[in-house]
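**Student:** run.cif is reproduced below (mmCIF, C-alpha atoms and all ligand atoms).
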data_upload
loop_
_atom_site.label_atom_id
_atom_site.label_comp_id
_atom_site.auth_asym_id
_atom_site.auth_seq_id
_atom_site.Cartn_x
_atom_site.Cartn_y
_atom_site.Cartn_z
CA MET A 1 39.53 -71.81 -13.18
CA PRO A 2 41.52 -68.86 -14.61
CA ALA A 3 39.75 -65.49 -14.29
CA LYS A 4 38.08 -64.05 -17.41
CA VAL A 5 39.98 -61.08 -18.81
CA TYR A 6 37.94 -58.27 -20.44
CA HIS A 7 39.40 -56.27 -23.32
CA ASP A 8 38.31 -53.24 -25.37
CA LYS A 9 35.82 -55.29 -27.39
CA ASP A 10 33.95 -56.33 -24.20
CA ALA A 11 33.28 -52.77 -23.07
CA ASP A 12 31.00 -50.12 -24.57
CA LEU A 13 31.97 -46.50 -23.95
CA GLY A 14 28.52 -45.55 -25.29
CA VAL A 15 27.16 -46.47 -21.82
CA LEU A 16 28.76 -43.24 -20.53
CA LYS A 17 27.42 -41.11 -23.39
CA ASN A 18 25.14 -38.22 -22.29
CA LYS A 19 26.10 -38.92 -18.69
CA THR A 20 27.90 -36.54 -16.35
CA LEU A 21 30.79 -38.12 -14.48
CA ALA A 22 31.86 -36.41 -11.24
CA ILE A 23 35.23 -37.24 -9.75
CA ILE A 24 35.52 -36.29 -6.08
CA GLY A 25 39.19 -35.56 -5.43
CA TYR A 26 41.92 -34.62 -7.90
CA GLY A 27 45.00 -36.37 -6.52
CA SER A 28 47.00 -39.35 -7.74
CA GLN A 29 44.09 -41.42 -9.09
CA GLY A 30 41.51 -38.65 -9.51
CA HIS A 31 43.54 -36.57 -11.98
CA ALA A 32 44.39 -39.61 -14.10
CA HIS A 33 40.80 -40.91 -14.33
CA ALA A 34 39.46 -37.43 -15.05
CA ARG A 35 41.94 -36.64 -17.81
CA ASN A 36 41.80 -40.08 -19.46
CA LEU A 37 37.98 -40.13 -19.45
CA LYS A 38 37.86 -36.60 -20.83
CA ASP A 39 40.28 -37.59 -23.61
CA SER A 40 38.04 -40.62 -24.27
CA GLY A 41 35.13 -38.24 -24.97
CA CYS A 42 33.28 -38.29 -21.63
CA LYS A 43 31.81 -35.29 -19.79
CA VAL A 44 33.77 -35.07 -16.55
CA ILE A 45 33.42 -32.56 -13.72
CA ILE A 46 35.43 -32.36 -10.48
CA GLY A 47 34.11 -32.12 -6.92
CA LEU A 48 36.36 -30.73 -4.18
CA TYR A 49 36.02 -29.00 -0.79
CA PRO A 50 36.18 -25.19 -0.86
CA LYS A 51 39.80 -24.79 0.26
CA SER A 52 41.26 -27.75 -1.64
CA LYS A 53 44.83 -27.42 -2.87
CA SER A 54 43.88 -29.46 -5.95
CA LYS A 55 41.34 -26.94 -7.26
CA GLU A 56 43.74 -24.81 -9.26
CA GLN A 57 45.31 -27.82 -10.95
CA ALA A 58 41.95 -29.26 -12.02
CA LYS A 59 40.92 -25.88 -13.44
CA LYS A 60 44.27 -25.56 -15.22
CA HIS A 61 43.57 -28.92 -16.87
CA GLY A 62 40.30 -27.53 -18.21
CA PHE A 63 37.75 -29.01 -15.79
CA GLU A 64 34.71 -27.37 -14.25
CA VAL A 65 35.24 -27.61 -10.48
CA TYR A 66 32.35 -27.57 -7.99
CA ASP A 67 31.93 -28.05 -4.26
CA THR A 68 31.45 -31.79 -3.74
CA ALA A 69 27.71 -31.60 -2.96
CA GLU A 70 27.06 -29.57 -6.11
CA ALA A 71 29.08 -31.98 -8.26
CA VAL A 72 27.12 -34.95 -6.87
CA LYS A 73 23.82 -33.19 -7.68
CA LYS A 74 24.93 -32.62 -11.29
CA ALA A 75 26.33 -36.11 -11.89
CA ASP A 76 24.96 -39.49 -12.93
CA ILE A 77 28.12 -41.35 -11.94
CA ILE A 78 30.21 -40.25 -8.97
CA MET A 79 33.71 -41.58 -8.35
CA ILE A 80 35.16 -41.10 -4.87
CA ALA A 81 38.86 -40.39 -5.42
CA ALA A 82 39.52 -38.90 -1.98
CA PRO A 83 41.67 -40.61 0.71
CA ASP A 84 40.06 -43.75 2.16
CA MET A 85 39.88 -42.46 5.72
CA LYS A 86 38.06 -39.27 4.63
CA GLN A 87 35.47 -41.01 2.47
CA ALA A 88 32.90 -41.79 5.20
CA ASP A 89 32.71 -38.13 6.29
CA ILE A 90 32.54 -36.87 2.69
CA TYR A 91 29.78 -39.40 2.00
CA LYS A 92 27.68 -38.37 5.04
CA LYS A 93 28.07 -34.64 4.49
CA ASP A 94 28.11 -34.12 0.73
CA ILE A 95 27.14 -37.28 -1.11
CA GLU A 96 24.31 -39.04 0.76
CA PRO A 97 21.96 -36.01 0.79
CA ASN A 98 22.34 -35.66 -3.00
CA LEU A 99 22.27 -39.31 -4.02
CA THR A 100 19.11 -40.32 -5.83
CA PRO A 101 18.11 -43.79 -7.07
CA GLY A 102 19.58 -44.62 -10.47
CA LYS A 103 22.85 -42.83 -9.79
CA THR A 104 26.09 -44.80 -9.61
CA LEU A 105 28.71 -44.46 -6.91
CA ALA A 106 32.17 -45.69 -7.90
CA PHE A 107 35.23 -46.49 -5.80
CA LEU A 108 38.91 -47.05 -6.54
CA HIS A 109 39.43 -49.35 -3.58
CA GLY A 110 36.89 -51.41 -1.67
CA LEU A 111 37.85 -50.53 1.92
CA SER A 112 35.00 -48.12 2.80
CA ILE A 113 32.30 -50.43 1.47
CA HIS A 114 33.73 -53.79 2.50
CA PHE A 115 34.31 -52.74 6.11
CA GLY A 116 30.94 -50.98 6.32
CA LEU A 117 32.34 -47.45 6.84
CA ILE A 118 29.86 -46.30 4.17
CA LYS A 119 26.39 -47.78 3.76
CA ILE A 120 24.60 -46.96 0.52
CA PRO A 121 20.84 -47.24 0.03
CA ALA A 122 19.35 -49.75 -2.43
CA GLY A 123 18.62 -48.32 -5.86
CA VAL A 124 22.05 -46.74 -6.16
CA ASN A 125 24.63 -48.71 -8.16
CA VAL A 126 27.90 -49.34 -6.33
CA ILE A 127 30.92 -50.29 -8.39
CA MET A 128 34.69 -50.30 -8.24
CA ILE A 129 37.31 -49.65 -10.90
CA ALA A 130 40.78 -50.17 -9.46
CA PRO A 131 43.80 -49.80 -11.74
CA LYS A 132 46.75 -51.88 -10.56
CA GLY A 133 49.16 -48.97 -10.63
CA PRO A 134 49.60 -45.42 -9.32
CA GLY A 135 47.79 -42.51 -10.95
CA HIS A 136 50.74 -41.09 -12.88
CA GLU A 137 51.16 -44.52 -14.50
CA VAL A 138 47.44 -44.65 -15.41
CA ARG A 139 47.87 -41.31 -17.17
CA SER A 140 51.24 -41.92 -18.86
CA GLN A 141 50.28 -45.38 -20.16
CA TYR A 142 47.05 -43.95 -21.58
CA LEU A 143 48.98 -41.21 -23.38
CA GLU A 144 51.27 -43.86 -24.87
CA GLY A 145 48.24 -45.74 -26.24
CA LYS A 146 48.62 -48.46 -23.58
CA GLY A 147 46.86 -49.02 -20.25
CA VAL A 148 47.26 -50.26 -16.70
CA PRO A 149 45.57 -53.61 -15.94
CA SER A 150 42.53 -52.96 -13.77
CA LEU A 151 39.99 -54.66 -11.56
CA ILE A 152 36.26 -54.05 -11.58
CA ALA A 153 33.64 -55.12 -9.04
CA VAL A 154 29.92 -54.66 -8.55
CA PHE A 155 28.54 -54.37 -5.00
CA GLN A 156 25.04 -53.27 -6.02
CA GLY A 157 23.30 -52.89 -9.36
CA GLY A 158 23.84 -56.14 -11.27
CA LYS A 159 24.46 -56.26 -15.02
CA GLU A 160 23.78 -52.57 -15.72
CA ALA A 161 26.30 -51.56 -13.07
CA LYS A 162 28.86 -53.96 -14.54
CA LYS A 163 28.47 -52.35 -17.98
CA ILE A 164 29.21 -48.96 -16.40
CA ALA A 165 32.28 -50.32 -14.62
CA LEU A 166 33.59 -51.87 -17.85
CA ALA A 167 32.94 -48.66 -19.81
CA TRP A 168 34.80 -46.61 -17.18
CA ALA A 169 37.70 -49.09 -17.29
CA LYS A 170 37.77 -48.66 -21.06
CA GLY A 171 37.70 -44.86 -20.74
CA ILE A 172 40.82 -44.86 -18.55
CA GLY A 173 42.67 -47.30 -20.82
CA GLY A 174 42.33 -50.32 -18.52
CA THR A 175 40.73 -52.64 -21.11
CA ARG A 176 43.72 -52.07 -23.43
CA ALA A 177 45.76 -54.05 -20.89
CA GLY A 178 42.99 -56.30 -19.52
CA VAL A 179 40.35 -56.08 -16.81
CA ILE A 180 39.45 -58.78 -14.28
CA GLU A 181 36.22 -58.89 -12.29
CA THR A 182 36.57 -59.31 -8.55
CA THR A 183 34.54 -58.54 -5.41
CA PHE A 184 34.91 -55.64 -2.98
CA LYS A 185 35.97 -58.19 -0.32
CA GLU A 186 38.64 -59.87 -2.44
CA GLU A 187 40.10 -56.60 -3.77
CA THR A 188 40.23 -54.97 -0.32
CA GLU A 189 41.76 -57.88 1.54
CA THR A 190 44.34 -58.82 -1.10
CA ASP A 191 45.29 -55.18 -1.75
CA LEU A 192 45.87 -54.47 1.95
CA PHE A 193 47.78 -57.73 2.37
CA GLY A 194 49.98 -57.13 -0.68
CA GLU A 195 50.96 -53.61 0.35
CA GLN A 196 51.59 -54.54 3.99
CA ALA A 197 53.35 -57.87 3.74
CA VAL A 198 55.11 -57.78 0.37
CA LEU A 199 55.10 -54.63 -1.77
CA CYS A 200 55.56 -51.77 0.68
CA GLY A 201 56.10 -53.13 4.19
CA GLY A 202 57.90 -56.34 3.17
CA VAL A 203 60.19 -54.84 0.54
CA SER A 204 61.15 -51.76 2.58
CA GLU A 205 62.13 -53.89 5.57
CA LEU A 206 64.01 -56.41 3.43
CA ILE A 207 66.05 -53.63 1.79
CA ARG A 208 66.83 -51.86 5.07
CA CYS A 209 67.71 -55.10 6.84
CA GLY A 210 70.15 -56.08 4.06
CA PHE A 211 71.69 -52.58 4.03
CA GLU A 212 72.15 -52.56 7.82
CA THR A 213 73.71 -56.04 7.81
CA LEU A 214 76.42 -55.00 5.33
CA VAL A 215 77.10 -51.59 6.91
CA GLU A 216 77.27 -53.05 10.43
CA ALA A 217 79.82 -55.57 9.10
CA GLY A 218 82.05 -52.65 8.00
CA TYR A 219 81.26 -52.43 4.28
CA LYS A 220 80.79 -49.06 2.56
CA PRO A 221 77.20 -47.77 2.63
CA GLU A 222 77.44 -47.12 -1.12
CA MET A 223 78.21 -50.81 -1.73
CA ALA A 224 75.35 -51.79 0.58
CA TYR A 225 72.97 -49.46 -1.28
CA PHE A 226 73.83 -50.85 -4.70
CA GLU A 227 73.62 -54.47 -3.57
CA CYS A 228 70.47 -54.28 -1.45
CA CYS A 229 68.45 -51.45 -3.01
CA HIS A 230 69.48 -50.18 -6.44
CA GLU A 231 69.66 -53.63 -8.02
CA MET A 232 66.24 -54.56 -6.65
CA LYS A 233 64.60 -52.87 -9.65
CA LEU A 234 66.67 -54.86 -12.15
CA ILE A 235 65.59 -58.13 -10.56
CA VAL A 236 61.94 -57.06 -10.16
CA ASP A 237 61.82 -55.95 -13.81
CA LEU A 238 63.02 -59.42 -14.84
CA ILE A 239 60.41 -61.08 -12.60
CA VAL A 240 57.62 -58.87 -14.00
CA GLU A 241 58.78 -59.60 -17.56
CA SER A 242 59.23 -63.36 -17.27
CA GLY A 243 58.41 -64.69 -13.81
CA ILE A 244 60.73 -65.93 -11.05
CA SER A 245 62.07 -68.80 -13.19
CA GLY A 246 62.58 -66.37 -16.08
CA MET A 247 64.58 -64.05 -13.81
CA ARG A 248 66.73 -67.04 -12.77
CA PHE A 249 67.51 -67.66 -16.45
CA SER A 250 69.23 -64.26 -16.60
CA ILE A 251 71.32 -64.41 -13.42
CA SER A 252 74.60 -66.28 -12.91
CA GLU A 253 74.78 -69.89 -11.68
CA THR A 254 76.38 -68.65 -8.46
CA ALA A 255 73.51 -66.17 -7.93
CA LYS A 256 70.99 -68.93 -8.66
CA TYR A 257 72.59 -71.33 -6.15
CA GLY A 258 72.64 -68.61 -3.47
CA ASP A 259 69.04 -67.73 -4.31
CA VAL A 260 67.59 -71.23 -3.92
CA THR A 261 69.65 -72.24 -0.86
CA ARG A 262 69.77 -68.94 1.13
CA GLY A 263 66.47 -67.29 0.21
CA PRO A 264 64.39 -69.72 2.31
CA ARG A 265 66.69 -68.99 5.30
CA VAL A 266 65.77 -65.29 5.12
CA ILE A 267 62.07 -65.69 4.42
CA THR A 268 61.31 -68.57 6.77
CA LYS A 269 58.27 -70.51 7.96
CA ASP A 270 58.04 -67.90 10.74
CA THR A 271 57.79 -65.16 8.10
CA LYS A 272 54.84 -66.99 6.58
CA LYS A 273 53.27 -67.41 10.02
CA ASN A 274 53.55 -63.65 10.49
CA MET A 275 52.07 -63.04 7.04
CA LYS A 276 49.09 -65.25 7.96
CA LYS A 277 48.63 -63.26 11.17
CA ILE A 278 48.69 -60.00 9.21
CA LEU A 279 46.08 -61.42 6.80
CA LYS A 280 43.85 -62.42 9.75
CA GLU A 281 44.09 -58.89 11.17
CA ILE A 282 42.94 -57.55 7.81
CA GLN A 283 40.10 -60.07 7.40
CA SER A 284 38.78 -59.56 10.94
CA GLY A 285 38.68 -55.77 10.54
CA GLN A 286 41.30 -55.31 13.27
CA PHE A 287 43.64 -53.41 10.92
CA VAL A 288 40.95 -51.02 9.71
CA ARG A 289 39.76 -50.33 13.28
CA GLU A 290 43.36 -49.54 14.31
CA TRP A 291 43.93 -47.34 11.21
CA SER A 292 40.64 -45.44 11.72
CA LYS A 293 41.52 -44.80 15.39
CA GLU A 294 45.01 -43.58 14.43
CA TYR A 295 43.52 -41.29 11.74
CA LYS A 296 40.97 -39.79 14.15
CA ALA A 297 43.73 -39.16 16.73
CA GLY A 298 45.65 -37.01 14.20
CA LEU A 299 48.10 -39.73 13.02
CA PRO A 300 50.66 -39.52 15.87
CA ASN A 301 52.19 -42.98 15.37
CA TYR A 302 52.05 -42.76 11.56
CA LYS A 303 53.93 -39.45 11.55
CA LYS A 304 56.50 -40.70 14.09
CA LEU A 305 57.25 -43.88 12.13
CA LEU A 306 57.47 -42.10 8.78
CA ALA A 307 59.83 -39.47 10.25
CA ALA A 308 62.05 -42.23 11.67
CA GLY A 309 62.14 -43.88 8.22
CA GLU A 310 63.29 -40.63 6.63
CA LYS A 311 66.23 -40.49 9.07
CA HIS A 312 67.49 -43.99 8.23
CA PRO A 313 71.09 -43.82 6.85
CA ILE A 314 70.03 -45.56 3.61
CA GLU A 315 68.12 -42.39 2.63
CA LYS A 316 71.23 -40.18 2.70
CA THR A 317 73.35 -42.70 0.81
CA GLY A 318 70.57 -43.23 -1.73
CA GLN A 319 70.06 -39.52 -2.29
CA ARG A 320 73.76 -39.01 -3.03
CA LEU A 321 74.02 -41.97 -5.40
CA ARG A 322 70.79 -41.16 -7.24
CA SER A 323 72.03 -37.60 -7.81
CA LEU A 324 74.92 -39.16 -9.80
CA MET A 325 72.37 -41.05 -11.95
CA PRO A 326 69.59 -38.52 -12.63
CA TRP A 327 67.99 -40.88 -15.16
CA VAL A 328 67.02 -43.36 -12.42
CA SER A 329 65.24 -40.55 -10.58
CA LYS A 330 62.75 -39.78 -13.33
CA THR A 331 59.97 -41.19 -11.18
CA ASN A 332 61.20 -39.75 -7.88
CA ILE A 333 58.68 -37.90 -5.79
CA LYS A 334 59.32 -34.56 -7.52
CA GLY A 335 59.05 -36.26 -10.90
CA VAL A 336 55.75 -37.87 -9.95
CA GLN A 337 54.35 -34.58 -8.67
CA ALA A 338 55.46 -32.87 -11.88
CA ALA A 339 53.91 -35.66 -13.94
CA TYR A 340 50.47 -34.95 -12.62
CA SER A 341 50.80 -31.23 -12.37
CA ASP A 342 52.15 -30.55 -15.84
CA ALA A 343 49.70 -29.53 -18.50
CA LYS A 344 50.19 -32.58 -20.75
P1 LIG A 401 45.34 -38.51 -3.05
O1 LIG A 401 46.42 -38.53 -4.08
O2 LIG A 401 45.72 -38.31 -1.62
O3 LIG A 401 44.27 -37.40 -3.48
C1 LIG A 401 43.14 -37.15 -2.73
C2 LIG A 401 42.33 -36.04 -3.36
O4 LIG A 401 41.13 -35.89 -2.60
C3 LIG A 401 43.03 -34.68 -3.35
O5 LIG A 401 42.71 -33.97 -4.51
C4 LIG A 401 42.41 -34.03 -2.12
O6 LIG A 401 42.45 -32.61 -2.16
C5 LIG A 401 40.98 -34.52 -2.24
N1 LIG A 401 40.24 -34.41 -0.99
C6 LIG A 401 40.70 -34.48 0.28
N2 LIG A 401 39.71 -34.28 1.15
C7 LIG A 401 38.58 -34.06 0.40
C8 LIG A 401 37.25 -33.73 0.72
N3 LIG A 401 36.84 -33.59 1.99
N4 LIG A 401 36.35 -33.55 -0.29
C9 LIG A 401 36.74 -33.68 -1.58
N5 LIG A 401 38.02 -33.95 -1.95
C10 LIG A 401 38.92 -34.15 -0.97
O7 LIG A 401 44.47 -39.87 -3.09
P2 LIG A 401 44.73 -41.19 -3.96
O8 LIG A 401 46.03 -41.83 -3.52
O9 LIG A 401 44.48 -40.91 -5.38
O10 LIG A 401 43.58 -42.14 -3.36
C11 LIG A 401 42.24 -42.01 -3.74
C12 LIG A 401 41.60 -43.39 -3.76
O11 LIG A 401 42.29 -44.19 -4.74
C13 LIG A 401 41.70 -44.16 -2.46
O12 LIG A 401 40.53 -44.92 -2.31
C14 LIG A 401 42.90 -45.10 -2.69
O13 LIG A 401 42.86 -46.26 -1.90
C15 LIG A 401 42.69 -45.42 -4.16
N6 LIG A 401 43.88 -45.91 -4.88
C16 LIG A 401 45.00 -45.16 -4.91
C17 LIG A 401 46.11 -45.60 -5.62
C18 LIG A 401 47.36 -44.74 -5.75
O14 LIG A 401 48.23 -45.15 -6.51
N7 LIG A 401 47.51 -43.61 -5.08
C19 LIG A 401 46.06 -46.82 -6.31
C20 LIG A 401 44.85 -47.55 -6.31
C21 LIG A 401 43.77 -47.08 -5.59
P3 LIG A 401 43.68 -31.74 -1.52
O15 LIG A 401 44.69 -31.63 -2.61
O16 LIG A 401 43.10 -30.42 -1.16
O17 LIG A 401 44.17 -32.51 -0.34
#
Reformat the file's structure so that it appears as structure tokens.
**Tutor:**
Amino acid sequence: MPAKVYHDKDADLGVLKNKTLAIIGYGSQGHAHARNLKDSGCKVIIGLYPKSKSKEQAKKHGFEVYDTAEAVKKADIIMIAAPDMKQADIYKKDIEPNLTPGKTLAFLHGLSIHFGLIKIPAGVNVIMIAPKGPGHEVRSQYLEGKGVPSLIAVFQGGKEAKKIALAWAKGIGGTRAGVIETTFKEETETDLFGEQAVLCGGVSELIRCGFETLVEAGYKPEMAYFECCHEMKLIVDLIVESGISGMRFSISETAKYGDVTRGPRVITKDTKKNMKKILKEIQSGQFVREWSKEYKAGLPNYKKLLAAGEKHPIEKTGQRLRSLMPWVSKTNIKGVQAAYSDAK
């Protein structure tokens, strides 16, 4: 059965009236939720650790900023917008001692709860509001009168907790686009799978593999970049707008024939076998155990692999070509940082 989609009319912002909302963390998601909720008329305060780099920005945007424990004490609803691997420590040190029954703890991603890294006592509502887009998009869509489609889930607290989750989703603009109810388990496992196998891991490897194949065959890196990276966005935009069949409507017959006959030779049954293995590692908790261990060890492998990625020849070629087309770089990393540090 298709999932029910909630819109503005299904959510009551009044549920958040006379409540204090504390957002712990003021990064990608935190700044967007805080500013959208404030613009929607809610009382929002920010919780951060004493030496946080984000403090100045939050103050510049007009928020009262407190140490996390103090913010939790003052708030009725607390959203953890800090990195996933730091959440368990923040919870133990600053949140748990100040959490009283009737308060609501909200998450942006289900990982800490689903894998049991944080255990919350009964009597406290536990909800999730997860926009399906990065923070700068959550903010910019809201400012344009639109919204990013979002997921909500209730782990503890029943119908009252669901009303709070829907109201929060409305306050950030999510119900303008549509909100779907899920579970912490479903959101966590599908989100991790999507980013590992398709969106981040899968796409990056596909692009680099195509680029290397052309360059190793003697073609110019610029040609390889345009064919295997730059044009990716054009095709993905078509898919997002009208589906895979819709995209095929817009490409040439030759491209379509190559697509349907060669695509399955690149992404093979073995690829799917590997995807299933990756999903099993997520479901069994193996991935989270590995990631927690890596985090606690100071991220040696993570840093090494990211540094190697930055040295890949596609980065240099891409940088040069993008500098010739500044308009395509409006969401580059500097642009994104500027988007959530400007005083819009
Ligand atoms: P982020 O951009 O890395 O920001 C993290 C924020 O938390 C920063 O303001 C950071 O301060 C602060 N922080 C770090 N340690 C803290 C501590 N001990 N106490 C209080 N605050 C602390 O994080 P994010 O990407 O928004 O991720 C937050 C959550 O959103 C995660 O659960 C993630 O899975 C989820 N999510 C993210 C996205 C996304 O697009 N990024 C999308 C969907 C869901 P400093 O500036 O001082 O480091």
**Student:** Determine the nearest neighbour of Gly157 (chain A) from the options A:Gly102, A:Gly110, A:Gly194, A:Gly298, counting all atoms listed in the file.
**Tutor:**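 Residue with the minimum atom-to-atom distance to Gly157 (chain A): A:Gly102.
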**Student:** List the spatial neighbours of Trp168 (chain A) as a VMD selection string - criterion: any atom at most 8 Å away, all atoms listed in the file, same-chain residues fewer than 4 positions off excluded.
**Tutor:** chain A and resid 13 16 37 129 164 172
**Student:** Go ahead and save the picked residues with C-alpha atoms, as a tab-separated table (two decimals), in the coordinates of the input.
**Tutor:**
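Output saved as again29.tsv:
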chain	number	residue	atom	x	y	z
A	13	LEU	CA	31.97	-46.50	-23.95
A	16	LEU	CA	28.76	-43.24	-20.53
A	37	LEU	CA	37.98	-40.13	-19.45
A	129	ILE	CA	37.31	-49.65	-10.90
A	164	ILE	CA	29.21	-48.96	-16.40
A	172	ILE	CA	40.82	-44.86	-18.55
**Student:** Throw together the list of residues within 8 Å of ligand LIG 401 (chain A), counting all atoms listed in the file, and drop it here as JSON, numbers by chain.
**Tutor:** {"A": [24, 25, 26, 27, 28, 29, 30, 31, 47, 48, 49, 51, 52, 53, 54, 55, 67, 68, 80, 81, 82, 83, 84, 86, 87, 89, 90, 107, 108, 109, 110, 111, 130, 131, 132, 133, 134, 135, 136]}
**Student:** Around (69.4, -57.2, 6.1) in the file's own coordinates, what residues are found within 12 Å if you use all atoms listed in the file, given back as a PyMOL selection string?
**Tutor:** chain A and resi 202-217+224-225+227-229+266-267+314
**Student:** Suppose you want the space between CA of Ile95 (chain A) and CA of Ala165 (chain A); what is it in Å?
**Tutor:** 19.5 Å
**Student:** Counting all atoms listed in the file, note down every residue that has an atom within 7 Å of the point (46.3, -43.6, -18.1) (file coordinates), as number ranges by chain.
**Tutor:** A: 32, 36, 137-143, 147-148, 172-173
**Student:** Give me the residues near Ile78 (chain A) as an mmCIF file with C-alpha atoms, in the frame of the given file, where near means some atom within 9 Å (using only C-alpha atoms) and where sequence neighbours in that chain fewer than 4 positions away do not count.
**Tutor:**
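The resulting file, result.cif, is reproduced below:
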data_model
loop_
_atom_site.group_PDB
_atom_site.id
_atom_site.type_symbol
_atom_site.label_atom_id
_atom_site.label_comp_id
_atom_site.auth_asym_id
_atom_site.auth_seq_id
_atom_site.Cartn_x
_atom_site.Cartn_y
_atom_site.Cartn_z
ATOM 1 C CA THR A 20 27.900 -36.540 -16.350
ATOM 2 C CA LEU A 21 30.790 -38.120 -14.480
ATOM 3 C CA ALA A 22 31.860 -36.410 -11.240
ATOM 4 C CA ILE A 23 35.230 -37.240 -9.750
ATOM 5 C CA ILE A 24 35.520 -36.290 -6.080
ATOM 6 C CA ALA A 71 29.080 -31.980 -8.260
ATOM 7 C CA VAL A 72 27.120 -34.950 -6.870
ATOM 8 C CA ILE A 95 27.140 -37.280 -1.110
ATOM 9 C CA LYS A 103 22.850 -42.830 -9.790
ATOM 10 C CA THR A 104 26.090 -44.800 -9.610
ATOM 11 C CA LEU A 105 28.710 -44.460 -6.910
ATOM 12 C CA ALA A 106 32.170 -45.690 -7.900
ATOM 13 C CA PHE A 107 35.230 -46.490 -5.800
#
**Student:** Hey, which of A:Lys159, A:Lys170, A:Lys92, A:Lys146 ends up closest to His33 (chain A)? Count only C-alpha atoms.
**Tutor:**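 Ranked by minimum distance to His33 (chain A), first place goes to A:Lys170.
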**Student:** Identify which of the residues A:Ile45, A:Ile244, A:Leu166, A:Ala197 lies closest to Gly14 (chain A), counting all atoms listed in the file when measuring atom-to-atom distances.
**Tutor:**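 Once distances to Gly14 (chain A) are computed over all atoms listed in the file, the minimum belongs to A:Leu166.
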**Student:** CA of Asn274 (chain A) to CA of Tyr257 (chain A): how many Å, to one decimal?
**Tutor:**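 It comes out at 26.4 Å.
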**Student:** Using all atoms listed in the file, can you tell me which of A:Gly309, A:Gly218, A:Gly285, A:Gly174 comes closest to Val5 (chain A)?
**Tutor:**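 The shortest atom-to-atom distance to Val5 (chain A) comes from A:Gly174.
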**Student:** Would you list the contacts of Phe226 (chain A) as JSON, numbers by chain, taking every protein, DNA or RNA residue within 10 Å and counting all atoms listed in the file, but skipping same-chain residues closer than 3 positions in sequence?
**Tutor:** {"A": [211, 221, 222, 223, 229, 230, 231, 232, 317, 318, 321]}
**Student:** Rounded to one decimal in Å, what is the spacing between CA of Lys276 (chain A) and CA of His114 (chain A)?
**Tutor:**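 Those two atoms sit 19.9 Å apart.
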**Student:** Listed atoms of region 226-239 of chain A, axis-aligned box, 6 Å per side: centre and edge lengths to one decimal in Å, as lines of an AutoDock Vina configuration file?
**Tutor:**
center_x = 67.1
center_y = -55.6
center_z = -8.1
size_x = 25.4
size_y = 22.9
size_z = 25.4
**Student:** Quick one: of A:Leu279, A:Ala169, A:Val328, A:Met85, who's nearest to Asp12 (chain A), counting only C-alpha atoms?
**Tutor:**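 Going through A:Leu279, A:Ala169, A:Val328, A:Met85 one by one, the smallest distance to Asp12 (chain A) is for A:Ala169.
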